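This report refers to the structure that appears directly beneath it.
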Amino acid sequence: MTFPDHLTASAAGALRSSVGGVFAGDESTARGVFAGDESTAGVVLAGGRSTRMGAPKAALEWHGSTLLYRTTALLSRTVYGPVVVVAAPGQQLPDLPPGVRVVEDPVEGLGPMQGIATGLAEVADHSRVAFVCSTDMPFLHPAFVRRVLHGFTVPEIDVVLPVARGYRQPLAAGYRTALAGLIGSLLGEGKLRPAMLFEHCRVEELADGDLLGSAHLARFDPELDSVVNVNDPEDYAAARERPPAEVVVECFGALASAGRRRRTVRAGTLGAAAQAVGLPFDKYVMAALNGDQISHDPQLPLVAGDTVAFLSADAGG
């Protein structure tokens, strides 16, 4: 676990002793398929025309954030390597988390295959595999991403393709980044559908039972809502009406002495979790997510199963 420079040594020690190691296991060890390197990346396709929605999906509000911010930040907290957004030429995007890059499709109107090729090519120098998804998946869970990427522990596999809730999910799947060239060739032949790619590479399909073989995924996303997307205003309204996930909030040091104890709250972001316990989330407060990630980002997305630990940044100073 690493700590920002302005966190005092005593505060870092307190936070480490309080939360470090408590969450060892599925969440804290799975940010890479190949432990210890940056072999996993995230690619988010944001260049769709949103015709049925009638407004850009990327900018739709989602519990104090946007759909695009939530998706990219969730991937950033899940994979080791870079996260990129593939946008249409000249597309205006909402704010993005720090470190997330944007790359434009060189050609507009060729559909998701063009976006996949562009995204894979962008991260290929850094990562061997990438989780590729659309921007409109508000219930995507890190455990789903990790289960998909785990399929690449078999070296011969090129694509890990969920077949979830009765449908193939090419925009919630894992791809070898080396496929960028093959996809480009297929596009040149007018083959624009992902199914045409699957005819030319080695695909591992994951049915519902395969996915839910992950105990973490089965516990926190048993209905595989990770693959639910929002295509029109009715979909969006129905999804937005669902309450945020339940998360555990703990306060340590001086913050705990103010009467705050371990609590379960509903919160879609780190800022909302702080607000739920009456905590001002300012520069004097540190947050540790699952003992693995330190963040000051109030829009950092939270999901079912998360534990947030808050500690005064000058504790013990």
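Residues in the structure tokens are numbered from 1 in each chain, the chains being A, B, ... in the order shown, and ligands are numbered from 1 in the order shown.
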Skip Leu187 of chain A itself and residues of its chain fewer than 3 positions away, then list as an mmCIF file with C-alpha atoms, in the first residue's frame all residues within 12 Å of it, counting only C-alpha atoms.
```cif
data_model
loop_
_atom_site.group_PDB
_atom_site.id
_atom_site.type_symbol
_atom_site.label_atom_id
_atom_site.label_comp_id
_atom_site.auth_asym_id
_atom_site.auth_seq_id
_atom_site.Cartn_x
_atom_site.Cartn_y
_atom_site.Cartn_z
ATOM 1 C CA VAL A 107 -12.931 6.609 -38.767
ATOM 2 C CA GLY A 109 -19.429 5.106 -38.089
ATOM 3 C CA LEU A 110 -17.779 1.665 -38.202
ATOM 4 C CA GLY A 111 -19.293 0.519 -34.924
ATOM 5 C CA PRO A 112 -17.772 -1.182 -31.885
ATOM 6 C CA MET A 113 -15.198 -3.238 -33.812
ATOM 7 C CA GLN A 114 -13.417 -0.034 -34.810
ATOM 8 C CA GLY A 115 -13.505 1.141 -31.212
ATOM 9 C CA ILE A 116 -12.147 -2.154 -29.935
ATOM 10 C CA ALA A 117 -9.275 -2.067 -32.428
ATOM 11 C CA THR A 118 -8.423 1.530 -31.546
ATOM 12 C CA ALA A 180 -5.736 -5.001 -32.836
ATOM 13 C CA GLY A 181 -4.042 -5.818 -36.142
ATOM 14 C CA LEU A 182 -6.396 -8.690 -36.980
ATOM 15 C CA ILE A 183 -9.439 -6.556 -36.209
ATOM 16 C CA GLY A 184 -8.063 -3.801 -38.456
ATOM 17 C CA GLY A 190 -15.996 -4.877 -44.404
ATOM 18 C CA LYS A 191 -16.408 -7.313 -41.509
ATOM 19 C CA LEU A 192 -17.792 -5.030 -38.840
ATOM 20 C CA ARG A 193 -19.381 -7.358 -36.285
ATOM 21 C CA PRO A 194 -17.509 -8.828 -33.301
ATOM 22 C CA MET A 196 -16.737 -12.117 -37.343
ATOM 23 C CA LEU A 197 -13.632 -11.661 -35.192
#
```
Subject >> Backbone DSSP call of strand (DSSP E or B) for segment 153-203 of chain A, listed as a PyMOL selection string >> reply: chain A and resi 159-164+167-168+172-176+203
Subject >> All residues 6 Å or closer to segment 198-209 of chain A, only C-alpha atoms, same chain fewer than 5 positions away omitted, as a list in words >> reply: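 My list of contacting residues is Ile157, Asp158, Val159, Val160, Leu161, Pro162, Val163 and Ala164 of chain A.
Atom CA of Val303 of chain A to atom CA of Leu279 of chain A spans 19.6 Å [interatomic distance, one decimal].
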Subject >> d(atom CA of Glu250 of chain A, atom CA of Thr72 of chain A) in Å >> reply: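 Distance reported for this atom pair: 25.6 Å.
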**OP:** Please run DSSP on the backbone and report, as a count of residues only, all residues within segment 51-215 of chain A that come out as alpha helix (DSSP H).
**Re:** 50
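Between atom CA of Leu289 of chain A and atom CA of Val79 of chain A the separation is 14.7 Å.
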**OP:** Can you work out which one of A:Ala304, A:Glu104, A:Phe310, A:Met53 has the shortest atom-to-atom distance to Tyr284 of chain A, counting only C-alpha atoms?
**Re:**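 Result for the nearest residue to Tyr284 of chain A: A:Phe310.
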Original post:
Contacts of segment 268-275 of chain A at 10 Å or less, counting only C-alpha atoms, minus same-chain residues fewer than 4 places along, as a count of residues only?
Top reply: 37
Original post:
Near Pro82 of chain A, counting only C-alpha atoms, which residues have an atom at most 12 Å away, once you skip same-chain residues fewer than 5 positions from it, shown as a ChimeraX atom specification?
Top reply: /A:31-32,37-44,72-73,75-77,97-102,119-120,122-131
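Nearest residue to Val103 of chain A among A:Pro233, A:Gly188, A:Gly81, A:Gly90 is A:Gly90, counting only C-alpha atoms.
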